[in-house]
Amino acid sequence: MAFSGAGEAVGRMELGDHLCLPYAHADERRAVLLAYVRGGLAAGHKIVYVAERDSHDVLPDCLRPVPARLEPFADAEPPRPAALDPGRALESGRLVLRTAAEIAGATGGYDPDELMGLIATEIELALVQGYRGLRLTGERPLAWPGVPEPDGAAGATPGGTGAAGGAGGAGADAAALAGQEAAERFAACERRIAEVFRATRPQAMILCQFERCRLDAVRLEELESWHRARVRADDLYDDGRLRAAPLFGPPGLALSGRLDAATRAALDRVLALLPPGAGLVCLEMSGVTACDEEGLRRAVEAGRTSGGRQRQVLLRGVSPRLAGMLRDTGLERAPGVTIEELAR
């Protein structure tokens, strides 16, 4: 599953936080990072973005606007003030791009103490410049052993040079050793950041990005252990009785709370947020605590768009009680509906 609704909403991050975004889908990453950057601009923070690629004046793809037809839940987003536009922030200096090679060179190849000194300098500079705090985020800058780099950059070192040699022999051994050393330096840096941020709560926050498909379960668990929490996209709706968080790949909603008469109007508003152009939508139901037949029917009928087109609906995390209701009412046989029950 690309996103389960677990974790801390990015909009609730505070100065002193060191969180991670282990994303599985480009839209998930984009939603979180745009909210992170826009939130920082609204709060008067300076944003420093560390990219793997060498570019100081080109906005990263994950912060660029896309056509509304490609943006999940585009209609749910209100118009944004120009002051919250990442492109304009880059031009004005409120958003600054650094490169992984640049950071590695300034810290002696990611020495933990040198890196903390660099972060402290960036915080001090932001405050001197009149900002209320600093927001840092970075693409995964260092290779894990055995994990292929994008665009054929396998074996890249923090300084941006590749291991010499072919796929076997001394070249492969050197690449493996470089990867192991990079992983150890990376682990030491993350642990050091976690220690400092827990102890001092500086006027900064850090959001580390990791692509899940490039990490096995053991490494992912290790990465997450160095951060206070995993971050997720902000809720689309929450009134204390019904909460809806976005899902990515396939697009959809993670529903929590009640789907009954008390939340009928809210449920209709929430379901209307489903992207109309998607041929498959997912409703994560594991957080549903109360549901009547009509609430279940409306969830099933989310497969029919306002224009009358039928699309596929995946009901995921369905409890045994809800599965029984679907069978008893015949809703499980509705066109285009697939049900995934919770593991017992």
# chains A, B, ... in the order shown; residues from 1 in each chain; ligands from 1

call {"tool": "closest_atom_pairs", "arguments": {"of": "region 212-304 of chain A", "to": "region 310-323 of chain A", "cutoff": "7 Å", "atoms": "only C-alpha atoms", "output": "CSV"}}
result
residue,atom,partner,partner_atom,distance
A:Gly279,CA,A:Arg311,CA,5.1
A:Leu280,CA,A:Gln312,CA,4.6
A:Val281,CA,A:Val313,CA,5.1
A:Cys282,CA,A:Leu314,CA,4.6
A:Leu283,CA,A:Leu315,CA,5.0
A:Glu284,CA,A:Arg316,CA,4.7
A:Met285,CA,A:Gly317,CA,5.1
A:Ser286,CA,A:Gly317,CA,4.5
A:Gly303,CA,A:Arg311,CA,4.9
A:Arg304,CA,A:Gln310,CA,4.6

call {"tool": "select_by_dssp", "arguments": {"residues": "region 187-318 of chain A", "states": "strand (DSSP E)", "output": "number ranges by chain"}}
result
A: 204-211, 231-232, 237-238, 242-247, 252-259, 280-291, 312-318

call {"tool": "closest_residue", "arguments": {"among": "A:Gly39, A:Pro275, A:Pro60, A:Gly7", "to": "Leu90 (chain A)", "atoms": "only C-alpha atoms"}}
result
A:Pro60

call {"tool": "closest_residue", "arguments": {"among": "A:Ala24, A:Ala233, A:Leu136, A:Val37", "to": "Arg98 (chain A)", "atoms": "only C-alpha atoms"}}
result
A:Leu136

call {"tool": "residues_around", "arguments": {"residues": "Asp17 (chain A)", "least_positions_apart": "6", "cutoff": "7 Å", "atoms": "only C-alpha atoms", "output": "PyMOL selection string"}}
result
chain A and resi 197+205-206

call {"tool": "residues_around", "arguments": {"residues": "Glu332 (chain A)", "least_positions_apart": "6", "cutoff": "10 Å", "atoms": "only C-alpha atoms", "output": "list in words"}}
result
Arg297, Val300, Leu315, Ala323, Gly324, Met325, Leu326, Thr338 and Ile339 of chain A

call {"tool": "closest_residue", "arguments": {"among": "A:Met116, A:Ala302, A:Ala101, A:Leu41", "to": "Ala83 (chain A)", "atoms": "only C-alpha atoms"}}
result
A:Leu41

call {"tool": "atom_distance", "arguments": {"atom1": "CA of Ala229 (chain A)", "atom2": "CA of Ile123 (chain A)"}}
result
21.9 Å

call {"tool": "atom_distance", "arguments": {"atom1": "CA of Leu19 (chain A)", "atom2": "CA of Leu207 (chain A)"}}
result
5.1 Å

call {"tool": "atom_distance", "arguments": {"atom1": "CA of Arg214 (chain A)", "atom2": "CA of Leu95 (chain A)"}}
result
27.6 Å

call {"tool": "closest_residue", "arguments": {"among": "A:Gly44, A:Gly117, A:Pro246, A:Val196", "to": "Leu84 (chain A)", "atoms": "only C-alpha atoms"}}
result
A:Gly44

call {"tool": "select_by_dssp", "arguments": {"residues": "region 212-247 of chain A", "states": "alpha helix (DSSP H)", "output": "list of chain:residue names"}}
result
A:Ala217, A:Val218, A:Arg219, A:Leu220, A:Glu221, A:Glu222, A:Leu223, A:Glu224, A:Ser225

call {"tool": "closest_residue", "arguments": {"among": "A:Asp239, A:Glu195, A:Glu181, A:Glu301", "to": "Tyr110 (chain A)", "atoms": "only C-alpha atoms"}}
result
A:Glu181

call {"tool": "residues_around", "arguments": {"residues": "Leu220 (chain A)", "least_positions_apart": "4", "cutoff": "12 Å", "atoms": "only C-alpha atoms", "output": "JSON, numbers by chain"}}
result
{"A": [20, 21, 22, 23, 144, 187, 209, 210, 211, 212, 213, 214, 215, 216, 224, 225, 226, 227, 230]}
